[in-house]
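*Asks:* The structure follows.
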Amino acid sequence: MCPFMADIRTSLVDSLHAALAAAGVEAPDGFRMGLERPARREHGDWSSNAALATAKAAGRNPRELAAELAVWLGDNKPDDVAEVSVAGPGFVNFKLAPSCLHRVVADAVAAGVDRFGRQNLGQGRKVIVEFVSANPTGPVHAGHGRGAAYGDAVARLLQRCGYEVQREFYINDRGTQMGLYAASLAAARAGEQAPENGYNGQYIADWAAEMPQGADARHWGRQRALADQREVLGSMAVAFDTWSSEQALVDSGAIDDTLAALGEAGAAYEADGALWLRSSDYGDDKDRVLVKSDGEYTYLLPDIAYHRDKLGRAGAAGLLITVWGADHHGYVARMKAAMAALGCDPTALEVAVTQLVRLERDGEEVRLSKRTGDIIELREVIDEVGADAARFTYLLQSMDTAPTFDLAKAAAQVMENPVFYVQMAHARLCSIAARARAEGVARQSAGEVDLGVLSHERELEIMRRLSALDEVIAAAAEERAPHRVTAWLRDFAAAVHSFYHDCYVVGPRIAPELTQARLVLTDAARVGLAVGLGTLGVSAPESM
RNA sequence: GCCCACGUAGCUCAGGGGAUAGAGCACUUGCCUCCGGAGCAAGGGGUCGCAGGUUCGAAUCCUGCCGUGGGCGCCA
């Protein structure tokens with residue numbers, strides 16, 4: 001990250017508190033000093049609402065109080081502050097010295113892609129991020145793609161913020177669907193009709209043809225589906241550290257243990273021949289069945305055992321993040337209820353619900369249906385648009401919105417395509433460096449270059465945006481919102497294209513010291529783009 | 001009926017207590033004697049779904065209503 005930018009923040013907040021004290025103003029209860037980057041340039045680099053938020057309780061006029069704070073802050077200037085002013089209804093605005101921005105550039109180059117933007121908010125806290133978890137009854141489809149892109153990006157963001165992250169895939173390898181899948185494979189192998197409610201997709205026919213004579217359809221089919229899923233996810237650069245099996249939980253007795261634990265907690269009871277979870281005591285709408293009257297487990301019970309198992313592995317201070325599609329949102333309350341019944345810390349389990357994607361090709365909807373056989377597989381999406389475009393497009397918007405993913409648009413190699421636009425910015429920066437080499441420019445080491453000559457508005461804009469990257473990454477990680485990085489990348493890429501257009505780096509009319517400084521700026525911007533793209537799992541190509 | 005999310009420019013979406021609400025596409029108009037014009041710049045375009053409330057301040061928080069998507073099984 002740019003470590004001193006965080007220090008500057010801290011010192012500004014401290015100074016504001018001191019200024020308030022000097023003005024004889026006591027902060028009201030619950031007051032938190034607001035310090036933010038103003039939307040408008042003329043309002044400086046940082047802005048505080050200190051006067052606005054405290055004036056009423058202190059019986060003061062906000063604008064006058066702000067003026068008083070500004071005078072005091074002007075006399076006791078925090079480090080790196082060039083100017084303190086008052087604006088609007090009573091904001092106190094700070095303008096930083098230009099040297100701050102030059103330090104950002106030097107930092108980015110020194111830290112490089114591996115370390116720039118890295119921070120330690122997590123302090124090694126263990127997190128298990130579970131995502132995709134498609135049934136092992138067929139290929140992953142386009143809808144799983146969003147969960148895959150999202151879960152992996154969240155994992156990457158948390159890693160960059162100092163969490164110890166494990167990516168996990170839960171395999172529902174027992175139960176009704178698994179049985180139907182095995183029966184469908186066996187039927188297809190024997191040239192017979194699929195059973196009622198069975199699977200009919202083309203892949204069933206294809207896989208059945210591969211299945212060796214006499215193979216156990218259940219076991220062989222599970223392996224076949226998993227291999228396919230792993231391969232497709234791998235082609236999108238999504239890899240899991242652990243694959244957790246539901247059947248293994250049954251075999252190990254973990255489910256019976258969980259049942260016993262729920263019983264001991266008084267959270268389970270028998271009725272109508274079934275065993276119920278008293279989930280309504282823990283915030284759910286109604287009680288839920290754990291064991292059906294025919295003795296079979298419901299889907300819920302193994303899932304509770306699974307989350308209990310994960311919690312044990314994550315440890316007392318650990319965190320579980322489970323990514324579910326919107327079609328599972330109804331299960332959040334019962335899972336949290338079960339965890340509460342087991343005495344777990346309710347904040348230890350976070351369920352991230354992603355809204356469903358609408359898939360189109362050239363404006364026409366393509367339906368995602370796993371059961372009809374008319375499935376759009378994730379493999380097809382990747383084949384059509386590429387892994388980078390697929391990931392970036394899936395992460396373009398907040399997970400709370402149900403976006404439209406147009407395959408044709410995502411695949412287009414045009415600047416209107418945000419993936420291409422951002423990657424192109426990186427490629428252009430690389431081409432500048434290549435050009436400098438081709439022209440025989442002897443590069444000074446970054447430490448020797450005078451960055452003070454970087455004062456063009458285009459250059460300043462790049463530096464300002466670059467200085468915000470660590471905050472963007474921190475916010476994206478804490479809010480589990482990778483699309484914040486996507487938004488930053490689009491803005492930053494725009495700044496790079498503007499710079500590219502207006503500020504030549506190498507050429508007969510460019511002074512040598514400016515060439516040197518701009519080459520360093522180019523390197524820094526490249527690091528910023530690569531770091532941002534990296535947290536999304538998207539590559540930063542040197543040429544397009 | 002109940003639960004969750006969403007409703008911001010013509011379209012796709014950022015912003016999610018702060019100052020004059022932003023970007024891309026589309027539209028209008030400029031810019032190629034130098035690093036990729038696959039670009040850059042300027043302009044027009046808004047009752048932030050509607051109505052109340054909280055607040056010094058609401059697109060943002062709360063309540064109700066309307067609309068859209070998803071969910072509401074002893075299916076998974």
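We name chains A, B, ... following the order of the structure tokens; residues begin at 1 in each chain, and ligands are numbered from 1 as shown.
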Write out as a compact mmCIF listing (two decimals) with N, CA, C and O atoms (P, O5', C5', C4', C3', O3' and C1' of nucleotides), in the first residue's frame which residues come within 9 Å of range 15-22 of chain B when counting only C-alpha atoms (C1' of nucleotides), dropping same-chain ones fewer than 5 positions away.
*Replies:*
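What follows is the written file part32.txt:
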```txt
# COMPACT_ATOMS: atom_id res chain seq x y z
N PRO A 38 -12.99 14.24 -0.88
CA PRO A 38 -14.12 14.98 -1.46
C PRO A 38 -14.32 14.62 -2.93
O PRO A 38 -13.37 14.23 -3.61
N ALA A 39 -15.55 14.75 -3.36
CA ALA A 39 -15.86 14.40 -4.74
C ALA A 39 -15.25 15.42 -5.72
O ALA A 39 -14.88 15.07 -6.82
N ARG A 40 -15.16 16.64 -5.27
CA ARG A 40 -14.69 17.69 -6.19
C ARG A 40 -13.26 18.10 -5.87
O ARG A 40 -12.89 18.26 -4.71
N HIS A 43 -12.16 20.98 -3.59
CA HIS A 43 -12.33 20.83 -2.15
C HIS A 43 -11.14 20.16 -1.49
O HIS A 43 -11.22 19.77 -0.32
N ASN A 49 -15.83 16.71 8.40
CA ASN A 49 -17.09 17.31 8.83
C ASN A 49 -17.04 17.67 10.32
O ASN A 49 -18.09 17.84 10.94
N ALA A 87 -15.02 25.46 3.55
CA ALA A 87 -15.89 25.59 2.40
C ALA A 87 -17.28 25.09 2.73
O ALA A 87 -17.48 24.38 3.72
N GLY A 88 -18.23 25.48 1.90
CA GLY A 88 -19.60 25.02 2.04
C GLY A 88 -20.17 25.38 3.39
O GLY A 88 -19.85 26.42 3.96
N PRO A 89 -21.00 24.52 3.95
CA PRO A 89 -21.68 24.82 5.21
C PRO A 89 -20.75 24.77 6.41
O PRO A 89 -21.16 25.12 7.52
N PHE A 91 -17.24 22.67 6.05
CA PHE A 91 -16.25 21.60 5.88
C PHE A 91 -14.86 22.19 6.09
O PHE A 91 -14.60 23.33 5.72
P U B 8 -33.51 2.85 -11.99
O5' U B 8 -32.79 4.06 -11.24
C5' U B 8 -33.51 5.25 -10.96
C4' U B 8 -32.56 6.40 -10.82
C3' U B 8 -31.64 6.62 -12.01
O3' U B 8 -32.28 7.34 -13.05
C1' U B 8 -30.35 6.63 -10.05
P G B 46 -32.96 16.55 -18.14
O5' G B 46 -32.71 15.45 -17.03
C5' G B 46 -33.08 14.09 -17.23
C4' G B 46 -33.21 13.42 -15.89
C3' G B 46 -33.97 14.23 -14.83
O3' G B 46 -34.91 13.41 -14.18
C1' G B 46 -31.83 13.59 -14.01
P C B 48 -35.03 13.24 -7.91
O5' C B 48 -34.71 11.89 -8.74
C5' C B 48 -35.31 10.67 -8.39
C4' C B 48 -34.30 9.56 -8.50
C3' C B 48 -34.34 8.63 -7.31
O3' C B 48 -34.31 7.29 -7.78
C1' C B 48 -32.13 9.43 -7.65
P U B 55 -35.01 14.79 14.52
O5' U B 55 -33.67 14.97 13.69
C5' U B 55 -32.48 14.33 14.10
C4' U B 55 -31.38 14.59 13.12
C3' U B 55 -31.14 16.05 12.77
O3' U B 55 -30.32 16.69 13.74
C1' U B 55 -31.19 14.75 10.78
P G B 57 -31.89 19.45 9.00
O5' G B 57 -30.92 18.98 7.83
C5' G B 57 -30.72 19.82 6.69
C4' G B 57 -29.66 19.25 5.80
C3' G B 57 -29.93 17.85 5.28
O3' G B 57 -30.76 17.89 4.13
C1' G B 57 -27.72 17.97 6.09
P A B 58 -31.80 16.67 3.90
O5' A B 58 -30.86 15.42 3.58
C5' A B 58 -30.05 15.35 2.41
C4' A B 58 -30.24 14.02 1.72
C3' A B 58 -31.64 13.80 1.15
O3' A B 58 -31.54 12.99 0.00
C1' A B 58 -31.21 12.18 2.81
P A B 59 -31.73 13.65 -1.42
O5' A B 59 -31.61 12.42 -2.43
C5' A B 59 -32.74 11.62 -2.71
C4' A B 59 -32.30 10.23 -3.10
C3' A B 59 -31.76 9.40 -1.93
O3' A B 59 -32.79 8.66 -1.33
C1' A B 59 -30.20 9.38 -3.72
P U B 60 -32.83 8.41 0.27
O5' U B 60 -31.47 7.63 0.58
C5' U B 60 -31.24 6.33 0.03
C4' U B 60 -29.85 5.88 0.40
C3' U B 60 -29.61 5.75 1.90
O3' U B 60 -28.90 4.56 2.19
C1' U B 60 -28.05 7.27 0.94
P C B 61 -29.72 3.29 2.74
O5' C B 61 -30.12 3.75 4.21
C5' C B 61 -29.29 3.44 5.31
C4' C B 61 -29.97 3.86 6.59
C3' C B 61 -31.45 3.50 6.68
O3' C B 61 -31.64 2.18 7.13
C1' C B 61 -31.16 5.76 7.30
```
*Asks:* Which parts of range 199-372 of chain A does DSSP call strand (DSSP E) when run on the backbone here, written out as a PyMOL selection string?
*Replies:* chain A and resi 242-245+268-271+274-277+288-291+319-325+349-354+358-361+364-366
*Asks:* With only C-alpha atoms (C1' of nucleotides) as the counted atoms, please give the residues lying no more than 10 Å from range 286-290 of chain A, apart from itself and same-chain residues fewer than 3 positions off, as a PyMOL selection string.
*Replies:* (chain A and resi 259+267-271+274-283+293+295-302+304+333-334+337-338) or (chain B and resi 74)
*Asks:* Write to file, as a compact mmCIF listing (two decimals), in the first residue's frame, the residues of the selection just made, with N, CA, C and O atoms (P, O5', C5', C4', C3', O3' and C1' of nucleotides).
*Replies:*
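The result, stored in out.txt:
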```txt
# COMPACT_ATOMS: atom_id res chain seq x y z
N LEU A 259 -26.16 -34.27 15.25
CA LEU A 259 -27.51 -34.56 15.72
C LEU A 259 -27.53 -34.64 17.25
O LEU A 259 -28.42 -34.08 17.91
N ALA A 267 -32.34 -28.43 20.98
CA ALA A 267 -32.78 -27.74 19.77
C ALA A 267 -33.46 -28.69 18.80
O ALA A 267 -33.80 -28.29 17.69
N ALA A 268 -33.63 -29.95 19.18
CA ALA A 268 -34.26 -30.90 18.27
C ALA A 268 -35.40 -31.62 18.99
O ALA A 268 -35.35 -31.81 20.20
N TYR A 269 -36.44 -31.96 18.24
CA TYR A 269 -37.57 -32.69 18.84
C TYR A 269 -38.24 -33.54 17.78
O TYR A 269 -38.09 -33.29 16.57
N GLU A 270 -38.96 -34.56 18.23
CA GLU A 270 -39.65 -35.44 17.30
C GLU A 270 -41.10 -35.04 17.15
O GLU A 270 -41.74 -34.64 18.13
N ALA A 271 -41.60 -35.10 15.93
CA ALA A 271 -43.02 -34.84 15.68
C ALA A 271 -43.37 -35.44 14.34
O ALA A 271 -42.56 -35.39 13.40
N ALA A 274 -40.94 -37.45 12.34
CA ALA A 274 -39.70 -36.85 11.84
C ALA A 274 -38.98 -36.15 12.99
O ALA A 274 -39.54 -35.93 14.06
N LEU A 275 -37.71 -35.82 12.74
CA LEU A 275 -36.94 -35.08 13.74
C LEU A 275 -36.79 -33.64 13.26
O LEU A 275 -36.35 -33.40 12.12
N TRP A 276 -37.15 -32.71 14.12
CA TRP A 276 -37.18 -31.30 13.73
C TRP A 276 -36.12 -30.48 14.45
O TRP A 276 -35.77 -30.76 15.59
N LEU A 277 -35.69 -29.43 13.77
CA LEU A 277 -34.80 -28.43 14.39
C LEU A 277 -35.67 -27.28 14.89
O LEU A 277 -36.52 -26.76 14.16
N ARG A 278 -35.45 -26.91 16.15
CA ARG A 278 -36.23 -25.83 16.74
C ARG A 278 -35.69 -24.47 16.25
O ARG A 278 -35.32 -23.61 17.03
N SER A 279 -35.63 -24.31 14.93
CA SER A 279 -34.96 -23.11 14.38
C SER A 279 -35.75 -21.83 14.66
O SER A 279 -35.17 -20.75 14.68
N SER A 280 -37.07 -21.97 14.86
CA SER A 280 -37.85 -20.75 15.12
C SER A 280 -37.45 -20.11 16.45
O SER A 280 -37.71 -18.93 16.67
N ASP A 281 -36.81 -20.88 17.33
CA ASP A 281 -36.30 -20.28 18.57
C ASP A 281 -35.07 -19.42 18.31
O ASP A 281 -34.62 -18.70 19.19
N TYR A 282 -34.52 -19.53 17.12
CA TYR A 282 -33.27 -18.83 16.83
C TYR A 282 -33.41 -17.93 15.61
O TYR A 282 -32.48 -17.79 14.82
N GLY A 283 -34.59 -17.36 15.44
CA GLY A 283 -34.75 -16.35 14.41
C GLY A 283 -35.28 -16.81 13.07
O GLY A 283 -35.50 -16.00 12.18
N SER A 293 -39.42 -38.71 8.03
CA SER A 293 -40.09 -39.83 8.69
C SER A 293 -39.65 -41.17 8.10
O SER A 293 -39.79 -42.21 8.74
N GLY A 295 -36.61 -41.83 7.69
CA GLY A 295 -35.27 -42.06 8.24
C GLY A 295 -34.16 -41.38 7.46
O GLY A 295 -33.01 -41.35 7.90
N GLU A 296 -34.48 -40.83 6.30
CA GLU A 296 -33.47 -40.15 5.49
C GLU A 296 -33.17 -38.75 6.03
O GLU A 296 -34.06 -38.07 6.55
N TYR A 297 -31.93 -38.33 5.87
CA TYR A 297 -31.59 -36.95 6.22
C TYR A 297 -32.19 -36.00 5.19
O TYR A 297 -32.29 -36.33 4.02
N THR A 298 -32.54 -34.81 5.65
CA THR A 298 -32.85 -33.76 4.67
C THR A 298 -31.52 -33.18 4.19
O THR A 298 -30.46 -33.53 4.70
N TYR A 299 -31.63 -32.27 3.25
CA TYR A 299 -30.44 -31.57 2.75
C TYR A 299 -29.80 -30.76 3.86
O TYR A 299 -28.58 -30.59 3.93
N LEU A 300 -30.68 -30.27 4.76
CA LEU A 300 -30.22 -29.34 5.78
C LEU A 300 -29.23 -29.95 6.77
O LEU A 300 -28.21 -29.35 7.10
N LEU A 301 -29.55 -31.16 7.26
CA LEU A 301 -28.74 -31.73 8.32
C LEU A 301 -27.26 -31.91 7.95
O LEU A 301 -26.39 -31.47 8.70
N PRO A 302 -26.96 -32.55 6.83
CA PRO A 302 -25.54 -32.64 6.48
C PRO A 302 -24.89 -31.26 6.33
O PRO A 302 -23.72 -31.09 6.67
N ILE A 304 -25.60 -28.61 8.01
CA ILE A 304 -25.29 -28.11 9.35
C ILE A 304 -24.01 -28.78 9.87
O ILE A 304 -23.11 -28.11 10.38
N ALA A 333 -31.37 -18.15 7.04
CA ALA A 333 -31.92 -18.04 8.39
C ALA A 333 -31.82 -19.37 9.13
O ALA A 333 -31.46 -19.42 10.30
N ARG A 334 -32.14 -20.48 8.44
CA ARG A 334 -32.12 -21.76 9.15
C ARG A 334 -30.70 -22.22 9.47
O ARG A 334 -30.44 -22.82 10.50
N ALA A 337 -29.61 -20.19 12.34
CA ALA A 337 -30.32 -20.67 13.52
C ALA A 337 -29.64 -21.93 14.07
O ALA A 337 -29.43 -22.08 15.28
N ALA A 338 -29.28 -22.83 13.15
CA ALA A 338 -28.62 -24.07 13.58
C ALA A 338 -27.30 -23.77 14.26
O ALA A 338 -26.97 -24.35 15.30
P C B 74 -41.65 -29.89 4.71
O5' C B 74 -40.81 -31.16 5.13
C5' C B 74 -39.46 -31.26 4.78
C4' C B 74 -39.13 -32.70 4.53
C3' C B 74 -39.87 -33.31 3.35
O3' C B 74 -39.00 -34.25 2.73
C1' C B 74 -40.38 -34.48 5.32
```
*Asks:* I need the contact residues of chain B against chain A, so if you could list those with any atom within 10 Å, counting only C-alpha atoms (C1' of nucleotides), and return them as a ChimeraX atom specification, that would help.
*Replies:* /B:2-6,12-14,18-20,22-25,34-41,56-57,69-72,74-76
*Asks:* Go ahead and compute the interatomic distance for CA of Glu384 in chain A and CA of Gly147 in chain A, in Å to one decimal.
*Replies:* 18.7 Å
*Asks:* Have a look at CA of Ala254 in chain A and CA of Met339 in chain A and let me know their distance in Å, one decimal.
*Replies:* 14.9 Å
*Asks:* What parts of range 316-411 of chain A does DSSP call alpha helix (DSSP H)? I'd like the answer as a ChimeraX atom specification.
*Replies:* /A:332-341,378-385,387-394,407-411
*Asks:* Deliver the residues from the most recent selection as a file, using C-alpha atoms, as a CSV table (one decimal), in the first residue's frame.
*Replies:*
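See again17.csv below for the written result:
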```csv
chain,number,residue,atom,x,y,z
A,332,VAL,CA,-29.6,-18.4,5.4
A,333,ALA,CA,-31.9,-18.0,8.4
A,334,ARG,CA,-32.1,-21.8,9.2
A,335,MET,CA,-28.4,-22.3,8.9
A,336,LYS,CA,-27.7,-19.3,11.2
A,337,ALA,CA,-30.3,-20.7,13.5
A,338,ALA,CA,-28.6,-24.1,13.6
A,339,MET,CA,-25.3,-22.5,14.3
A,340,ALA,CA,-26.8,-20.4,17.1
A,341,ALA,CA,-28.4,-23.6,18.5
A,378,LEU,CA,-19.5,-22.3,-17.9
A,379,ARG,CA,-17.2,-24.0,-20.3
A,380,GLU,CA,-19.1,-22.4,-23.2
A,381,VAL,CA,-18.9,-19.0,-21.6
A,382,ILE,CA,-15.2,-19.3,-21.2
A,383,ASP,CA,-14.7,-20.6,-24.7
A,384,GLU,CA,-16.7,-17.8,-26.2
A,385,VAL,CA,-15.4,-14.8,-24.2
A,387,ALA,CA,-11.4,-16.5,-18.9
A,388,ASP,CA,-10.4,-12.8,-18.2
A,389,ALA,CA,-13.5,-11.3,-19.8
A,390,ALA,CA,-15.7,-13.8,-18.1
A,391,ARG,CA,-14.3,-13.0,-14.6
A,392,PHE,CA,-14.3,-9.3,-15.2
A,393,THR,CA,-17.8,-9.2,-16.5
A,394,TYR,CA,-19.1,-11.3,-13.7
A,407,LEU,CA,-21.7,-13.0,-24.3
A,408,ALA,CA,-21.2,-11.1,-27.5
A,409,LYS,CA,-20.4,-7.9,-25.8
A,410,ALA,CA,-18.0,-9.5,-23.3
A,411,ALA,CA,-16.1,-11.2,-26.1
```
*Asks:* Counting only C-alpha atoms (C1' of nucleotides), which of A:Arg60, A:Gly363, A:Val351, A:Ala110 gets nearest to C11 in chain B?
*Replies:* A:Gly363
*Asks:* So the first atom is CA of His426 in chain A and the second is CA of Ala438 in chain A; what is the distance between them in Å, to one decimal place?
*Replies:*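 Straight-line distance from CA of His426 in chain A to CA of Ala438 in chain A works out to 18.5 Å.
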